[in-house]
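The next block is protein07.cif, given as mmCIF, C-alpha atoms.
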data_input
#
loop_
_atom_site.group_PDB
_atom_site.id
_atom_site.type_symbol
_atom_site.label_atom_id
_atom_site.label_comp_id
_atom_site.auth_asym_id
_atom_site.auth_seq_id
_atom_site.Cartn_x
_atom_site.Cartn_y
_atom_site.Cartn_z
ATOM 1 C CA MET A 3 -5.234 34.939 -31.715
ATOM 2 C CA ILE A 4 -7.307 32.345 -33.578
ATOM 3 C CA ALA A 5 -4.427 31.626 -35.957
ATOM 4 C CA ARG A 6 -2.081 31.011 -33.023
ATOM 5 C CA TYR A 7 -4.623 28.684 -31.400
ATOM 6 C CA ALA A 8 -5.066 26.795 -34.675
ATOM 7 C CA SER A 9 -1.321 26.236 -34.991
ATOM 8 C CA VAL A 10 -1.189 24.866 -31.444
ATOM 9 C CA MET A 11 -4.128 22.569 -32.138
ATOM 10 C CA SER A 12 -2.592 21.196 -35.316
ATOM 11 C CA SER A 13 0.793 20.425 -33.830
ATOM 12 C CA ALA A 14 1.424 16.752 -33.175
ATOM 13 C CA ALA A 15 1.861 15.314 -29.715
ATOM 14 C CA PRO A 16 5.442 14.586 -28.734
ATOM 15 C CA GLU A 17 6.667 11.209 -29.923
ATOM 16 C CA ARG A 18 6.860 8.644 -27.140
ATOM 17 C CA THR A 19 10.021 6.599 -27.144
ATOM 18 C CA GLU A 20 8.936 4.379 -24.234
ATOM 19 C CA ARG A 21 5.619 2.982 -23.062
ATOM 20 C CA ASP A 22 3.842 4.838 -20.282
ATOM 21 C CA VAL A 23 5.044 2.424 -17.609
ATOM 22 C CA THR A 24 3.997 4.766 -14.796
ATOM 23 C CA GLY A 25 0.463 4.999 -16.116
ATOM 24 C CA LEU A 26 0.200 1.249 -16.664
ATOM 25 C CA LEU A 27 1.519 0.437 -13.189
ATOM 26 C CA ASN A 28 -0.769 3.034 -11.616
ATOM 27 C CA MET A 29 -3.854 1.709 -13.416
ATOM 28 C CA ALA A 30 -3.059 -1.907 -12.568
ATOM 29 C CA GLY A 31 -2.248 -1.017 -8.957
ATOM 30 C CA HIS A 32 -5.418 1.010 -8.569
ATOM 31 C CA ALA A 33 -7.607 -1.775 -9.979
ATOM 32 C CA LEU A 34 -5.929 -4.416 -7.816
ATOM 33 C CA SER A 35 -6.119 -2.227 -4.693
ATOM 34 C CA ASN A 36 -9.844 -1.689 -5.235
ATOM 35 C CA ARG A 37 -10.458 -5.425 -5.716
ATOM 36 C CA LEU A 38 -8.455 -6.242 -2.611
ATOM 37 C CA ALA A 39 -10.223 -3.625 -0.482
ATOM 38 C CA ALA A 40 -13.644 -4.905 -1.576
ATOM 39 C CA ALA A 41 -12.704 -8.530 -0.908
ATOM 40 C CA LEU A 42 -11.253 -7.793 2.553
ATOM 41 C CA ALA A 43 -14.277 -5.664 3.446
ATOM 42 C CA ALA A 44 -16.314 -8.873 3.346
ATOM 43 C CA VAL A 45 -14.453 -9.932 6.526
ATOM 44 C CA ASP A 46 -14.382 -6.412 8.001
ATOM 45 C CA LEU A 47 -10.701 -5.741 7.312
ATOM 46 C CA THR A 48 -8.904 -3.092 5.290
ATOM 47 C CA PRO A 49 -5.716 -3.779 3.327
ATOM 48 C CA ARG A 50 -3.828 -1.641 5.869
ATOM 49 C CA MET A 51 -5.168 -3.679 8.782
ATOM 50 C CA GLN A 52 -4.273 -6.920 7.018
ATOM 51 C CA CYS A 53 -0.761 -5.691 6.290
ATOM 52 C CA VAL A 54 -0.167 -4.578 9.889
ATOM 53 C CA LEU A 55 -1.532 -7.822 11.334
ATOM 54 C CA VAL A 56 0.635 -10.003 9.083
ATOM 55 C CA HIS A 57 3.821 -8.038 9.812
ATOM 56 C CA ALA A 58 3.069 -7.959 13.546
ATOM 57 C CA LEU A 59 2.664 -11.748 13.539
ATOM 58 C CA GLU A 60 6.082 -12.284 11.936
ATOM 59 C CA GLU A 61 7.998 -11.063 14.977
ATOM 60 C CA GLU A 62 7.802 -8.565 17.837
ATOM 61 C CA ARG A 63 7.705 -5.140 16.205
ATOM 62 C CA THR A 64 7.066 -1.606 17.354
ATOM 63 C CA GLN A 65 4.462 0.623 15.801
ATOM 64 C CA ILE A 66 7.229 2.596 14.065
ATOM 65 C CA GLN A 67 8.735 -0.569 12.579
ATOM 66 C CA LEU A 68 5.318 -1.741 11.374
ATOM 67 C CA ALA A 69 4.600 1.670 9.850
ATOM 68 C CA ALA A 70 7.823 1.453 7.838
ATOM 69 C CA LEU A 71 7.049 -2.086 6.639
ATOM 70 C CA ALA A 72 3.476 -1.159 5.704
ATOM 71 C CA ASP A 73 4.568 2.149 4.126
ATOM 72 C CA LEU A 74 2.217 4.114 6.386
ATOM 73 C CA ASP A 75 2.740 7.567 7.829
ATOM 74 C CA LYS A 76 2.642 7.948 11.613
ATOM 75 C CA THR A 77 -0.900 9.320 11.796
ATOM 76 C CA THR A 78 -2.348 6.599 9.564
ATOM 77 C CA MET A 79 -0.510 3.935 11.556
ATOM 78 C CA VAL A 80 -1.900 5.219 14.857
ATOM 79 C CA SER A 81 -5.480 5.205 13.551
ATOM 80 C CA THR A 82 -4.997 1.722 12.045
ATOM 81 C CA VAL A 83 -3.738 0.298 15.343
ATOM 82 C CA ASP A 84 -6.544 2.120 17.190
ATOM 83 C CA ASP A 85 -9.046 0.352 14.890
ATOM 84 C CA LEU A 86 -7.353 -3.010 15.442
ATOM 85 C CA GLU A 87 -7.474 -2.494 19.207
ATOM 86 C CA ARG A 88 -11.143 -1.454 19.153
ATOM 87 C CA ARG A 89 -11.972 -4.645 17.268
ATOM 88 C CA GLY A 90 -9.947 -6.796 19.664
ATOM 89 C CA LEU A 91 -7.505 -7.857 16.939
ATOM 90 C CA ALA A 92 -4.326 -6.338 18.400
ATOM 91 C CA GLU A 93 -3.074 -4.501 21.450
ATOM 92 C CA ARG A 94 -0.190 -2.270 22.371
ATOM 93 C CA ARG A 95 2.153 -3.887 24.913
ATOM 94 C CA PRO A 96 5.500 -2.979 26.441
ATOM 95 C CA SER A 97 8.447 -4.401 24.534
ATOM 96 C CA ALA A 98 10.357 -7.236 26.208
ATOM 97 C CA THR A 99 13.657 -5.755 25.032
ATOM 98 C CA ASP A 100 13.098 -1.975 25.377
ATOM 99 C CA ARG A 101 10.929 -0.738 28.208
ATOM 100 C CA ARG A 102 10.397 2.609 26.445
ATOM 101 C CA ALA A 103 8.973 0.976 23.327
ATOM 102 C CA ARG A 104 5.492 -0.443 22.723
ATOM 103 C CA ILE A 105 4.967 -3.382 20.419
ATOM 104 C CA ILE A 106 1.815 -4.318 18.561
ATOM 105 C CA ALA A 107 0.733 -7.761 19.739
ATOM 106 C CA VAL A 108 -1.863 -9.646 17.709
ATOM 107 C CA THR A 109 -4.613 -11.326 19.717
ATOM 108 C CA ALA A 110 -6.022 -14.786 19.005
ATOM 109 C CA ALA A 111 -8.934 -13.129 17.190
ATOM 110 C CA GLY A 112 -6.426 -11.031 15.228
ATOM 111 C CA ARG A 113 -4.478 -14.134 14.210
ATOM 112 C CA ALA A 114 -7.676 -15.770 12.931
ATOM 113 C CA ALA A 115 -8.618 -12.579 11.060
ATOM 114 C CA ALA A 116 -5.113 -12.311 9.536
ATOM 115 C CA GLU A 117 -5.238 -15.941 8.392
ATOM 116 C CA GLU A 118 -8.647 -15.453 6.772
ATOM 117 C CA GLY A 119 -7.489 -12.149 5.298
ATOM 118 C CA GLN A 120 -4.373 -13.793 3.849
ATOM 119 C CA ARG A 121 -6.500 -16.417 2.092
ATOM 120 C CA ILE A 122 -8.458 -13.548 0.538
ATOM 121 C CA VAL A 123 -5.287 -11.660 -0.452
ATOM 122 C CA ASP A 124 -3.850 -14.802 -2.039
ATOM 123 C CA ARG A 125 -7.109 -15.435 -3.943
ATOM 124 C CA VAL A 126 -7.310 -11.850 -5.258
ATOM 125 C CA HIS A 127 -3.668 -11.964 -6.359
ATOM 126 C CA ALA A 128 -4.154 -15.345 -8.052
ATOM 127 C CA GLU A 129 -7.222 -14.015 -9.885
ATOM 128 C CA ALA A 130 -5.298 -10.965 -11.063
ATOM 129 C CA LEU A 131 -2.347 -13.039 -12.248
ATOM 130 C CA GLY A 132 -4.826 -15.381 -13.926
ATOM 131 C CA ALA A 133 -5.299 -12.699 -16.580
ATOM 132 C CA LEU A 134 -1.763 -13.498 -17.789
ATOM 133 C CA PRO A 135 -0.695 -16.610 -19.664
ATOM 134 C CA GLU A 136 0.582 -19.160 -17.144
ATOM 135 C CA GLN A 137 4.187 -19.031 -18.378
ATOM 136 C CA ALA A 138 4.262 -15.225 -17.980
ATOM 137 C CA ARG A 139 3.006 -15.062 -14.362
ATOM 138 C CA GLU A 140 6.218 -16.029 -12.607
ATOM 139 C CA ALA A 141 8.325 -13.821 -14.872
ATOM 140 C CA PHE A 142 5.971 -10.864 -14.279
ATOM 141 C CA VAL A 143 6.158 -11.192 -10.490
ATOM 142 C CA ALA A 144 9.944 -11.657 -10.643
ATOM 143 C CA ALA A 145 10.293 -8.537 -12.802
ATOM 144 C CA LEU A 146 8.177 -6.485 -10.381
ATOM 145 C CA ARG A 147 10.261 -7.785 -7.465
ATOM 146 C CA GLN A 148 13.460 -6.821 -9.285
ATOM 147 C CA LEU A 149 12.131 -3.299 -9.873
ATOM 148 C CA VAL A 150 11.131 -2.900 -6.232
ATOM 149 C CA ASP A 151 14.269 -4.481 -4.776
ATOM 150 C CA GLY A 152 16.825 -2.615 -6.793
ATOM 151 C CA GLY A 153 15.683 -0.997 -9.960
ATOM 152 C CA LEU A 154 13.611 1.810 -8.527
ATOM 153 C CA GLU A 155 14.877 4.117 -5.852
ATOM 154 C CA PRO A 156 12.065 5.788 -3.901
ATOM 155 C CA GLY A 157 13.427 9.186 -4.857
ATOM 156 C CA PRO A 158 12.549 12.472 -3.225
ATOM 157 C CA ARG A 159 9.192 13.190 -1.680
ATOM 158 C CA PRO A 160 6.694 14.669 -4.130
ATOM 159 C CA VAL A 161 6.890 18.428 -4.352
ATOM 160 C CA ARG A 162 3.791 20.082 -2.962
ATOM 161 C CA ARG A 163 2.630 23.457 -4.091
ATOM 162 C CA ALA A 164 2.531 26.142 -1.448
ATOM 163 C CA ARG A 165 -0.948 27.013 -0.253
ATOM 164 C CA GLN A 166 -2.339 30.147 -1.708
ATOM 165 C CA ALA A 167 -3.587 32.725 0.737
ATOM 166 C CA THR A 168 -7.335 33.119 0.482
ATOM 167 C CA SER A 169 -8.861 36.529 0.516
ATOM 168 C CA ARG A 170 -11.960 37.070 2.542
#
Could you take the file, read its structure, and then write that structure out as structure tokens?
Amino acid sequence: MIARYASVMSSAAPERTERDVTGLLNMAGHALSNRLAAALAAVDLTPRMQCVLVHALEEERTQIQLAALADLDKTTMVSTVDDLERRGLAERRPSATDRRARIIAVTAAGRAAAEEGQRIVDRVHAEALGALPEQAREAFVAALRQLVDGGLEPGPRPVRRARQATSR
């Protein structure tokens, strides 16, 4: 048993032929998300709230449309809009074009919050890109956009393990 364990321990890790792009993107995304959340918290917004407000200001959109644009599931979207309504930043209204649908309308206070939030988002992004040499910033953003717009398909939903029955 010890000999088998020793042979496993001495074997080399598999050779990587490519950089760990997933790990690098995850680490960078996590760090940037944390910075953004902390900066927006200073004006009592979350990144989700900011995203919903900005997309709702662009044009009349339903909650379902906003959820798709913000990449939020239905439950998270409902709680986000509930928070925005409680704070007086948005309200649900009947759609002008479909009486069955409800749109998310941004209030005057919500517009002001979204504008202040966008200044914060822009500052955080500029600070993050400031870590790169100036000539590389535009190319980096363009490369990310190319990946998102056509290079990476979302793929299937992650596989979740079945819950194990618990014995009592």
If you apply the PyMOL selection byres ((chain A and resi 112) around 10) to this file, what residues do you get, as a short mmCIF file (atom, residue, chain, number, x, y, z; two decimals) with C-alpha atoms, in the frame of the given file?
data_model
loop_
_atom_site.label_atom_id
_atom_site.label_comp_id
_atom_site.auth_asym_id
_atom_site.auth_seq_id
_atom_site.Cartn_x
_atom_site.Cartn_y
_atom_site.Cartn_z
CA MET A 51 -5.17 -3.68 8.78
CA GLN A 52 -4.27 -6.92 7.02
CA LEU A 55 -1.53 -7.82 11.33
CA VAL A 56 0.64 -10.00 9.08
CA LEU A 59 2.66 -11.75 13.54
CA LEU A 86 -7.35 -3.01 15.44
CA GLU A 87 -7.47 -2.49 19.21
CA ARG A 89 -11.97 -4.64 17.27
CA GLY A 90 -9.95 -6.80 19.66
CA LEU A 91 -7.50 -7.86 16.94
CA ALA A 92 -4.33 -6.34 18.40
CA GLU A 93 -3.07 -4.50 21.45
CA ALA A 107 0.73 -7.76 19.74
CA VAL A 108 -1.86 -9.65 17.71
CA THR A 109 -4.61 -11.33 19.72
CA ALA A 110 -6.02 -14.79 19.00
CA ALA A 111 -8.93 -13.13 17.19
CA ARG A 113 -4.48 -14.13 14.21
CA ALA A 114 -7.68 -15.77 12.93
CA ALA A 115 -8.62 -12.58 11.06
CA ALA A 116 -5.11 -12.31 9.54
CA GLU A 117 -5.24 -15.94 8.39
CA GLU A 118 -8.65 -15.45 6.77
#
Would you pick out the contacts of stretch 96-101 of chain A at 9 Å or less, using only C-alpha atoms, so that residues sharing its chain but fewer than 3 positions from it are not included, and give the list as a short mmCIF file (atom, residue, chain, number, x, y, z; two decimals) with C-alpha atoms, in the frame of the given file?
data_model
loop_
_atom_site.label_atom_id
_atom_site.label_comp_id
_atom_site.auth_asym_id
_atom_site.auth_seq_id
_atom_site.Cartn_x
_atom_site.Cartn_y
_atom_site.Cartn_z
CA GLU A 62 7.80 -8.56 17.84
CA ARG A 63 7.70 -5.14 16.20
CA THR A 64 7.07 -1.61 17.35
CA ARG A 104 5.49 -0.44 22.72
CA ILE A 105 4.97 -3.38 20.42
CA ILE A 106 1.82 -4.32 18.56
#
My list of candidates is A:Arg102, A:Arg50, A:Arg94, A:His127. Which is closest to A:Ala33 when distances are computed with all atoms listed in the file? A:His127
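One distance worth recording is that between atom CA of A:Val150 and atom CA of A:Asp22, which is 17.6 Å.
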Option closest in space to A:Asp85, from A:Asp151, A:Asp46, A:Glu20, A:Glu136 [counting all atoms listed in the file]: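 When distances to A:Asp85 are compared using all atoms listed in the file, the smallest one comes from A:Asp46.
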Compare A:Ile66, A:Ile122, A:Ala15, A:Leu149 by their minimum atom-to-atom distance to A:Ala39, counting all atoms listed in the file, and give me the closest one.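 That would be A:Ile122, the residue with the smallest distance to A:Ala39.
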